[in-house]
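Enquirer: Data: data16.txt, compact mmCIF, C-alpha atoms.
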```txt
# COMPACT_ATOMS: atom_id res chain seq x y z
CA MET A 207 10.54 13.18 11.23
CA ILE A 208 11.58 10.46 8.80
CA SER A 209 9.48 8.54 6.26
CA VAL A 210 10.28 5.62 3.94
CA SER A 211 8.81 5.13 0.46
CA ILE A 212 9.40 3.17 -2.74
CA ASP A 213 10.18 5.80 -5.34
CA ARG A 214 10.72 3.72 -8.47
CA ILE A 215 10.75 0.13 -9.66
CA ARG A 216 11.63 -1.59 -12.93
CA ILE A 217 10.75 -5.20 -13.62
CA THR A 218 12.38 -7.13 -16.46
CA ILE A 219 10.49 -10.06 -17.98
CA PRO A 220 12.00 -12.58 -20.44
CA VAL A 221 10.14 -12.96 -23.73
CA GLU A 222 10.38 -16.52 -25.01
CA ILE A 223 8.35 -16.24 -28.21
CA GLN A 224 9.66 -14.09 -31.07
CA SER A 225 6.15 -13.21 -32.30
CA ASN A 226 5.23 -11.82 -28.86
CA TYR A 227 8.37 -9.67 -28.90
CA SER A 228 7.60 -8.43 -32.42
CA ASN A 229 4.08 -7.53 -31.32
CA ILE A 230 5.40 -5.50 -28.36
CA MET A 231 7.86 -3.66 -30.61
CA CYS A 232 5.10 -2.82 -33.09
CA LEU A 233 2.93 -1.47 -30.28
CA ILE A 234 5.76 0.71 -28.98
CA HIS A 235 6.58 2.11 -32.42
CA GLY A 236 2.86 2.69 -33.02
CA MET A 237 2.74 5.09 -30.06
CA LYS A 238 5.18 7.48 -31.72
CA GLY A 239 3.44 10.78 -32.32
CA ASP A 240 0.69 10.18 -29.77
CA LYS A 241 0.19 13.26 -27.60
CA GLY A 242 2.36 13.13 -24.48
CA TYR A 243 4.02 9.84 -25.44
CA LYS A 244 7.81 9.75 -25.76
CA VAL A 245 9.32 6.94 -27.83
CA TRP A 246 13.08 6.43 -27.61
CA LYS A 247 15.62 4.06 -29.12
CA LYS A 248 19.02 2.87 -27.89
CA GLU A 249 21.48 0.41 -29.37
CA THR A 250 19.88 -2.68 -27.82
CA ALA A 251 16.42 -1.47 -26.73
CA THR A 252 13.42 0.61 -27.75
CA GLY A 253 11.04 2.12 -25.23
CA VAL A 254 8.18 4.49 -24.58
CA THR A 255 7.07 6.69 -21.70
CA ILE A 256 3.27 6.61 -21.43
CA PRO A 257 1.58 9.48 -19.57
CA LEU A 258 -1.21 8.48 -17.19
CA HIS A 259 -4.33 10.61 -17.00
CA SER A 260 -4.36 10.23 -13.24
CA GLY A 261 -0.76 11.48 -12.94
CA GLY A 262 2.65 9.90 -13.30
CA SER A 263 3.76 7.68 -16.15
CA LEU A 264 4.48 4.11 -17.20
CA GLN A 265 7.78 3.21 -18.85
CA LEU A 266 7.93 0.28 -21.25
CA SER A 267 10.95 -0.98 -23.16
CA ALA A 268 11.89 -4.05 -25.14
CA GLY A 269 15.33 -5.22 -26.18
CA VAL A 270 17.96 -7.91 -26.44
CA SER A 271 20.56 -8.76 -23.79
CA HIS A 272 23.02 -11.65 -24.13
CA HIS A 273 21.01 -12.87 -27.17
CA LYS A 274 17.81 -13.07 -25.08
CA LEU A 275 14.64 -11.03 -25.62
CA TYR A 276 13.11 -9.08 -22.76
CA VAL A 277 10.58 -6.40 -21.88
CA THR A 278 10.94 -4.02 -18.93
CA ILE A 279 8.18 -2.09 -17.20
CA GLY A 280 8.79 0.78 -14.79
CA PHE A 281 6.66 3.03 -12.61
CA LYS A 282 6.73 5.05 -9.38
CA PRO A 283 4.73 3.13 -6.74
CA ALA A 284 4.47 6.04 -4.29
CA PHE A 285 2.45 7.97 -6.88
CA LEU A 286 0.04 5.17 -7.79
CA SER A 287 -3.66 5.61 -7.16
CA LEU A 288 -6.26 2.98 -7.98
CA ASP A 289 -7.15 4.97 -11.11
CA SER A 290 -3.54 5.11 -12.28
CA TRP A 291 -3.16 1.40 -11.57
CA ASP A 292 -6.22 0.68 -13.72
CA GLU A 293 -4.53 2.59 -16.54
CA ILE A 294 -1.29 0.64 -16.11
CA GLU A 295 -3.18 -2.67 -16.11
CA GLY A 296 -4.97 -1.57 -19.26
CA HIS A 297 -1.71 -0.89 -21.10
CA LEU A 298 -0.05 -4.09 -19.89
CA SER A 299 -3.04 -6.24 -20.81
CA TYR A 300 -2.24 -5.89 -24.51
CA MET A 301 1.54 -5.96 -24.04
CA LEU A 302 1.95 -9.07 -21.87
CA PRO A 303 0.06 -12.40 -22.02
CA ASP A 304 -1.45 -12.03 -18.54
CA GLY A 305 -0.85 -8.32 -17.97
CA TYR A 306 0.94 -7.39 -14.77
CA GLN A 307 0.56 -10.95 -13.50
CA THR A 308 3.17 -11.93 -16.08
CA ALA A 309 5.61 -9.56 -14.37
CA ILE A 310 4.85 -11.08 -10.97
CA ASP A 311 5.19 -14.65 -12.23
CA ASN A 312 8.16 -14.34 -14.58
CA GLY A 313 9.84 -10.99 -13.97
CA ARG A 314 12.83 -9.97 -11.87
CA VAL A 315 13.34 -6.57 -10.29
CA SER A 316 16.18 -4.96 -12.24
CA TYR A 317 16.03 -1.50 -10.62
CA PHE A 318 14.64 -0.38 -7.27
CA GLU A 319 14.69 2.96 -5.44
CA ILE A 320 14.05 3.11 -1.69
CA ALA A 321 13.73 6.67 -0.41
CA VAL A 322 14.18 8.02 3.10
CA ASP A 323 12.82 11.56 3.53
CA VAL A 324 14.27 13.60 6.39
CA PHE A 325 12.03 16.56 7.20
CA ASP A 326 13.29 19.97 8.35
CA GLN A 327 16.82 19.19 7.16
CA SER A 328 18.30 20.67 3.99
CA PRO A 329 20.76 18.45 2.09
CA SER A 330 23.20 21.37 2.08
CA GLU A 331 23.45 20.85 5.86
CA LEU A 332 24.29 17.14 5.69
CA ILE A 333 27.34 14.96 5.13
CA VAL A 334 26.54 11.43 3.95
CA PHE A 335 29.24 8.76 4.02
CA ASP A 336 29.63 5.02 3.48
CA LYS A 337 32.87 3.06 3.86
CA ARG A 338 31.90 0.60 1.11
CA LEU A 339 31.17 3.28 -1.51
CA GLN A 340 34.45 4.83 -2.59
CA VAL A 341 33.21 7.02 -5.44
CA SER A 342 31.36 10.31 -4.94
CA THR A 343 29.97 12.78 -7.47
CA LEU A 344 28.14 16.09 -7.14
CA PHE A 345 25.65 17.15 -9.80
CA TRP A 346 24.87 20.86 -9.83
CA PRO A 347 21.48 21.76 -11.38
CA LYS A 348 21.69 24.19 -14.31
CA SER A 349 18.96 26.34 -12.81
CA GLY A 350 20.90 26.69 -9.58
CA GLY A 351 20.06 25.35 -6.17
CA ILE A 352 21.39 22.54 -4.03
CA PRO A 353 23.52 19.87 -5.77
CA THR A 354 22.66 16.18 -5.72
CA GLN A 355 25.38 14.02 -4.20
CA TYR A 356 25.94 10.45 -5.37
CA LEU A 357 27.92 7.83 -3.49
CA GLY A 358 28.90 4.79 -5.55
CA PRO A 359 29.89 4.28 -9.20
CA LYS A 360 27.46 5.17 -11.96
CA GLY A 361 25.47 2.05 -12.81
CA GLY A 362 26.66 0.28 -9.66
CA THR A 363 24.55 -2.33 -7.89
CA ARG A 364 24.09 0.06 -4.94
CA VAL A 365 24.27 3.83 -5.27
CA MET A 366 23.22 6.32 -2.59
CA ALA A 367 21.82 9.71 -3.57
CA LEU A 368 21.26 12.77 -1.39
CA TYR A 369 19.10 15.48 -2.94
CA ASP A 370 16.75 18.38 -2.30
CA ARG A 371 13.30 16.83 -2.24
CA ALA A 372 11.61 20.08 -1.17
CA GLY A 373 13.24 21.92 -4.06
CA TYR A 374 11.89 19.34 -6.51
CA LEU A 375 8.37 19.59 -5.08
CA ASN A 376 8.44 23.38 -5.09
CA LYS A 377 9.39 23.42 -8.77
CA SER A 378 6.84 20.79 -9.82
CA LYS A 379 3.83 22.22 -7.97
CA PRO A 380 2.58 25.79 -8.63
CA ASN A 381 2.73 28.09 -5.59
CA ALA A 382 4.21 25.32 -3.44
CA ASP A 383 6.39 26.33 -0.52
CA TYR A 384 7.68 23.20 1.18
CA ALA A 385 9.88 23.35 4.25
CA PRO A 386 13.31 21.67 3.82
CA ILE A 387 13.25 17.94 3.02
CA SER A 388 16.38 15.90 2.39
CA ARG A 389 15.93 12.67 0.47
CA ILE A 390 18.50 9.94 1.04
CA GLU A 391 17.83 7.32 -1.60
CA ALA A 392 19.19 3.83 -2.20
CA ARG A 393 19.27 3.00 -5.90
CA LEU A 394 19.64 -0.75 -6.37
CA ARG A 395 20.36 -2.54 -9.63
CA ARG A 396 20.25 -6.19 -10.65
CA LEU A 397 18.48 -7.36 -7.51
CA SER A 398 17.31 -10.55 -9.27
CA LEU A 399 14.40 -10.75 -6.84
CA ARG A 400 10.86 -11.47 -7.99
CA VAL A 401 8.28 -8.89 -6.90
CA PRO A 402 6.83 -11.13 -4.12
CA GLU A 403 10.41 -11.61 -2.84
CA LEU A 404 11.08 -7.90 -2.29
CA ILE A 405 10.36 -8.30 1.42
CA LYS A 406 13.67 -10.23 1.54
CA CYS A 407 15.64 -7.21 0.30
CA LYS A 408 18.56 -6.48 2.63
CA ASN A 409 18.76 -3.09 4.29
CA PRO A 410 20.83 -0.95 1.86
CA PHE A 411 21.26 1.82 4.44
CA LEU A 412 23.40 -0.28 6.76
CA GLY A 413 26.84 1.27 6.75
CA VAL A 414 25.51 4.67 5.69
CA GLY A 415 26.21 7.52 8.11
CA VAL A 416 24.77 11.04 8.22
CA CYS A 417 26.10 14.02 10.16
CA ARG A 418 25.79 17.82 9.98
CA PHE A 419 28.34 20.17 8.48
CA LYS A 420 27.91 22.51 11.45
CA ASP A 421 28.87 19.72 13.86
CA ALA A 422 31.81 18.66 11.70
CA ALA A 423 33.07 22.24 11.42
CA VAL A 424 33.75 22.46 15.17
CA ALA A 425 34.78 18.84 15.74
CA SER A 426 38.50 19.54 15.34
CA ASP A 427 40.88 22.49 15.04
CA SER A 428 43.11 20.55 12.65
CA GLU A 429 43.70 22.36 9.35
CA GLU A 430 43.66 19.00 7.56
CA TRP A 431 40.25 18.26 9.06
CA LYS A 432 38.88 21.67 8.04
CA ALA A 433 40.12 21.15 4.48
CA PHE A 434 38.53 17.69 4.48
CA VAL A 435 35.13 19.05 5.60
CA ASN A 436 35.33 21.68 2.85
CA ASP A 437 36.11 18.97 0.28
CA CYS A 438 33.10 16.97 1.49
CA GLY A 439 30.88 19.88 0.51
CA ASN A 440 32.55 20.47 -2.86
CA GLN A 441 33.41 16.96 -4.05
CA GLY A 442 31.57 14.47 -1.84
CA THR A 443 32.86 12.41 1.05
CA ALA A 444 34.36 9.55 -0.96
CA VAL A 445 36.58 11.89 -2.98
CA ALA A 446 37.45 13.86 0.17
CA LEU A 447 38.44 10.69 2.02
CA GLY A 448 40.40 9.44 -0.99
CA LYS A 449 42.72 12.45 -0.78
CA LEU A 450 43.86 11.51 2.72
CA SER A 451 46.63 9.26 3.92
CA LYS A 452 45.57 5.85 5.19
CA TYR A 453 46.07 7.03 8.78
CA SER A 454 44.04 10.24 8.37
CA ARG A 455 41.33 8.46 6.40
CA LYS A 456 40.74 5.98 9.22
CA LYS A 457 40.85 8.74 11.84
CA PHE A 458 38.49 11.09 9.97
CA ARG A 459 36.03 8.34 9.10
CA ALA A 460 35.82 7.45 12.80
CA LEU A 461 35.26 11.11 13.66
CA LEU A 462 32.46 11.39 11.09
CA THR A 463 30.85 8.27 12.57
CA SER A 464 31.02 9.76 16.08
CA LEU A 465 29.10 12.80 14.77
CA THR A 466 26.22 10.74 13.33
CA CYS A 467 22.87 12.50 13.82
CA SER A 468 20.73 11.05 16.59
CA TRP A 469 17.80 10.63 14.20
CA TRP A 470 19.81 8.50 11.74
CA ASN A 471 19.42 4.84 12.71
CA PRO A 472 19.37 2.45 9.70
CA ASP A 473 17.85 -0.43 11.69
CA ALA A 474 15.00 1.74 13.00
CA ILE A 475 14.47 3.30 9.57
CA TRP A 476 14.23 -0.15 7.96
CA GLU A 477 11.24 -0.97 10.15
CA GLY A 478 9.25 1.26 7.79
CA TYR A 479 10.24 -0.72 4.70
CA SER A 480 7.48 -3.35 4.83
CA SER A 481 4.82 -0.63 5.08
CA ALA A 482 6.35 1.25 2.13
CA LEU A 483 6.39 -1.99 0.15
CA THR A 484 2.58 -2.20 0.25
CA THR A 485 2.56 0.42 -2.54
CA VAL A 486 4.17 -2.10 -4.92
CA PRO A 487 1.38 -4.21 -6.45
CA GLY A 488 2.13 -7.90 -6.03
CA ALA A 489 4.81 -7.45 -3.36
CA PHE A 490 2.56 -9.31 -0.96
CA THR A 491 1.24 -11.71 -3.62
CA ASN A 492 -2.08 -10.00 -4.34
CA THR A 493 -2.55 -7.31 -6.98
CA PRO A 494 -5.15 -4.53 -6.61
CA GLU A 495 -8.68 -5.56 -7.40
```
Written as structure tokens, how would this file's structure read?
Expert:
Amino acid sequence: MISVSIDRIRITIPVEIQSNYSNIMCLIHGMKGDKGYKVWKKETATGVTIPLHSGGSLQLSAGVSHHKLYVTIGFKPAFLSLDSWDEIEGHLSYMLPDGYQTAIDNGRVSYFEIAVDVFDQSPSELIVFDKRLQVSTLFWPKSGGIPTQYLGPKGGTRVMALYDRAGYLNKSKPNADYAPISRIEARLRRLSLRVPELIKCKNPFLGVGVCRFKDAAVASDSEEWKAFVNDCGNQGTAVALGKLSKYSRKKFRALLTSLTCSWWNPDAIWEGYSSALTTVPGAFTNTPE
């Protein structure tokens, strides 16, 4: 089974009036020391993570980019309940002139995560590849477990991540024992879409392929192929493909594509996007009442 959700969104809103920006900065600094609040500062921005009583958190930051003032809000739509949304609205009401409506009217989506959960499949069993993403990185958790694989450059406009969703849930929930879940996530930056325009987002999973290591292991007796499959597990597919000659790279990419899992169909998966988008307040014009 496969499900689609919106894992995270950040909306950046220009601030035209210096006094409004100063007020937001004062509010952020004033939260320092409040229980559960985390205030941070970078070279061009200051922000705060606000815990919500109903679960989850709201991220707020303000800064300067290209000599222009801005404020960014971020939250995880899939975790929002009506109670948590009331809390978010309450915080935004004294930060922005018209609360969240200001974000809908004037903001642009600067970061967006679309998650595809594949049930009963461990990420350690899967090879994810994409011809257009030529950088791959594996991040091994300090506590052990299954590494997260990234396809695409850090900070790129489109980065794919493959990670152990069940492992995360088991660690975050006492006595949880989830069956394997692989999350294949598109992390999109600088979309420049307004929230009500998110329905126009192009399918970021087109061009992404998924196959199983066990199928790849028996797909060829070639020693070069076997070394390539091993490199996919240790360094990611982009690095593994980059080691090959142009001829072998084309041949092996075609072989990977031929092994694509029957359940991986980006067009069919994208049919679930509009339903997932209903968790983003304002994506279909109306905010929660």
Enquirer: Kindly give the distance, in Å, that separates atom CA of A:Asp304 and atom CA of A:Asp292, rounded to a single decimal.
Expert: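 These two atoms are separated by 14.4 Å.
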Enquirer: One decimal, in Å: what's the spacing between atom CA of A:Gln265 and atom CA of A:Arg364?
Expert: 21.7 Å
Enquirer: Select from stretch 339-450 of chain A every residue with an atom at most 12 Å from any atom of stretch 215-227 of chain A, then for each give the shortest pair of atoms and their distance in Å to one decimal, using only C-alpha atoms, rows by chain and rising number, as a tab-separated table.
Expert:
```
residue	atom	partner	partner_atom	distance
A:Ala392	CA	A:Ile215	CA	11.9
A:Arg393	CA	A:Ile215	CA	9.7
A:Leu394	CA	A:Ile215	CA	9.5
A:Arg395	CA	A:Arg216	CA	9.4
A:Arg396	CA	A:Thr218	CA	9.8
A:Leu397	CA	A:Ile217	CA	10.1
A:Ser398	CA	A:Thr218	CA	9.4
A:Leu399	CA	A:Ile217	CA	9.5
A:Arg400	CA	A:Ile217	CA	8.4
A:Val401	CA	A:Ile217	CA	8.1
A:Pro402	CA	A:Ile217	CA	11.9
A:Leu404	CA	A:Ile215	CA	10.9
```
Enquirer: Counting only C-alpha atoms, figure out which residue out of A:Ala321, A:Ala284, A:Ile475, A:Val445 gets nearest to A:Gly262.
Expert: A:Ala284
Enquirer: Give me, as a PyMOL selection string, all polymer residues having an atom no more than 8 Å from A:Asp323, counting all atoms listed in the file and skipping those fewer than 5 positions away in the same chain.
Expert: chain A and resi 208-210+371+387-390
Enquirer: Using Å and a single decimal, report how far atom CA of A:Glu295 sits from atom CA of A:Lys408.
Expert: 29.0 Å
Enquirer: Give me the residues within 8 Å of A:Gly373 as a list in words, counting all atoms listed in the file and dropping any in the same chain fewer than 2 places off.
Expert: Gly351, Asp370, Arg371, Leu375, Asn376, Lys377, Tyr384 and Pro386 of chain A
Enquirer: If you count only C-alpha atoms, which residues fall within 10 Å of stretch 426-442 of chain A, apart from same-chain ones fewer than 2 positions away, as a PyMOL selection string?
Expert: chain A and resi 330-335+341-345+353-357+419-424+444-447+449-450+454-455+457-458+461-462
Enquirer: Would you mind telling me which residue in A:Val277, A:Trp470, A:Ala372, A:Ser464 lies nearest to A:Phe411 when using only C-alpha atoms?
Expert: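 With only C-alpha atoms as the atom set, the closest residue is A:Trp470.
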Enquirer: Please, which residues are within 10 Å of (28.9, -1.4, -8.0) by the file's coordinates, counting all atoms listed in the file, and could they come as a list of chain:residue names?
Expert: A:Arg338, A:Leu339, A:Gln340, A:Val341, A:Gly358, A:Pro359, A:Lys360, A:Gly361, A:Gly362, A:Thr363, A:Arg364, A:Val365, A:Leu394, A:Arg395
Enquirer: Create the file for the chosen residues now, containing C-alpha atoms and written as a compact mmCIF listing (two decimals), in the frame of the given file.
Expert:
```
# COMPACT_ATOMS: atom_id res chain seq x y z
CA ARG A 338 31.90 0.60 1.11
CA LEU A 339 31.17 3.28 -1.51
CA GLN A 340 34.45 4.83 -2.59
CA VAL A 341 33.21 7.02 -5.44
CA GLY A 358 28.90 4.79 -5.55
CA PRO A 359 29.89 4.28 -9.20
CA LYS A 360 27.46 5.17 -11.96
CA GLY A 361 25.47 2.05 -12.81
CA GLY A 362 26.66 0.28 -9.66
CA THR A 363 24.55 -2.33 -7.89
CA ARG A 364 24.09 0.06 -4.94
CA VAL A 365 24.27 3.83 -5.27
CA LEU A 394 19.64 -0.75 -6.37
CA ARG A 395 20.36 -2.54 -9.63
```
Enquirer: Find the residues around A:Ile212 up to 8 Å (all atoms listed in the file counted), leave out those fewer than 2 positions away in its own chain, and share them as a PyMOL selection string.
Expert: chain A and resi 210+214-215+282-284+318-321+482-483+485-486
Enquirer: Looking at A:Cys417, A:Leu233, A:Ala385, A:Leu258, which one is nearest to A:Asp326, with distances taken over only C-alpha atoms?
Expert: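 Smallest distance to A:Asp326 is found for A:Ala385.
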Enquirer: Pick out the closest residue to A:Phe285 from this set: A:Ala382, A:Val270, A:Leu264, A:Ala489. Count only C-alpha atoms.
Expert: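 The answer is A:Leu264, which sits nearest to A:Phe285.
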Enquirer: Find the spatial neighbours of A:Trp246, counting all atoms listed in the file, within a cut-off of 12 Å - ignore same-chain residues fewer than 5 positions away - and output them as a ChimeraX atom specification.
Expert: /A:231,234-235,237-239,251-256,265-269
Enquirer: Taking C-alpha atoms for each residue, export the selection above as a PDB file, in the coordinates of the input.
Expert:
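The result, stored in again.pdb:
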```
ATOM      1  CA  MET A 231       7.860  -3.660 -30.610  1.00  0.00           C
ATOM      2  CA  ILE A 234       5.760   0.710 -28.980  1.00  0.00           C
ATOM      3  CA  HIS A 235       6.580   2.110 -32.420  1.00  0.00           C
ATOM      4  CA  MET A 237       2.740   5.090 -30.060  1.00  0.00           C
ATOM      5  CA  LYS A 238       5.180   7.480 -31.720  1.00  0.00           C
ATOM      6  CA  GLY A 239       3.440  10.780 -32.320  1.00  0.00           C
ATOM      7  CA  ALA A 251      16.420  -1.470 -26.730  1.00  0.00           C
ATOM      8  CA  THR A 252      13.420   0.610 -27.750  1.00  0.00           C
ATOM      9  CA  GLY A 253      11.040   2.120 -25.230  1.00  0.00           C
ATOM     10  CA  VAL A 254       8.180   4.490 -24.580  1.00  0.00           C
ATOM     11  CA  THR A 255       7.070   6.690 -21.700  1.00  0.00           C
ATOM     12  CA  ILE A 256       3.270   6.610 -21.430  1.00  0.00           C
ATOM     13  CA  GLN A 265       7.780   3.210 -18.850  1.00  0.00           C
ATOM     14  CA  LEU A 266       7.930   0.280 -21.250  1.00  0.00           C
ATOM     15  CA  SER A 267      10.950  -0.980 -23.160  1.00  0.00           C
ATOM     16  CA  ALA A 268      11.890  -4.050 -25.140  1.00  0.00           C
ATOM     17  CA  GLY A 269      15.330  -5.220 -26.180  1.00  0.00           C
TER      18      GLY A 269
END
```
Enquirer: Which residue out of A:Ser271, A:Asn229, A:Asn409, A:Thr463 has the minimum interatomic distance to A:Tyr300 when only C-alpha atoms are used?
Expert: A:Asn229
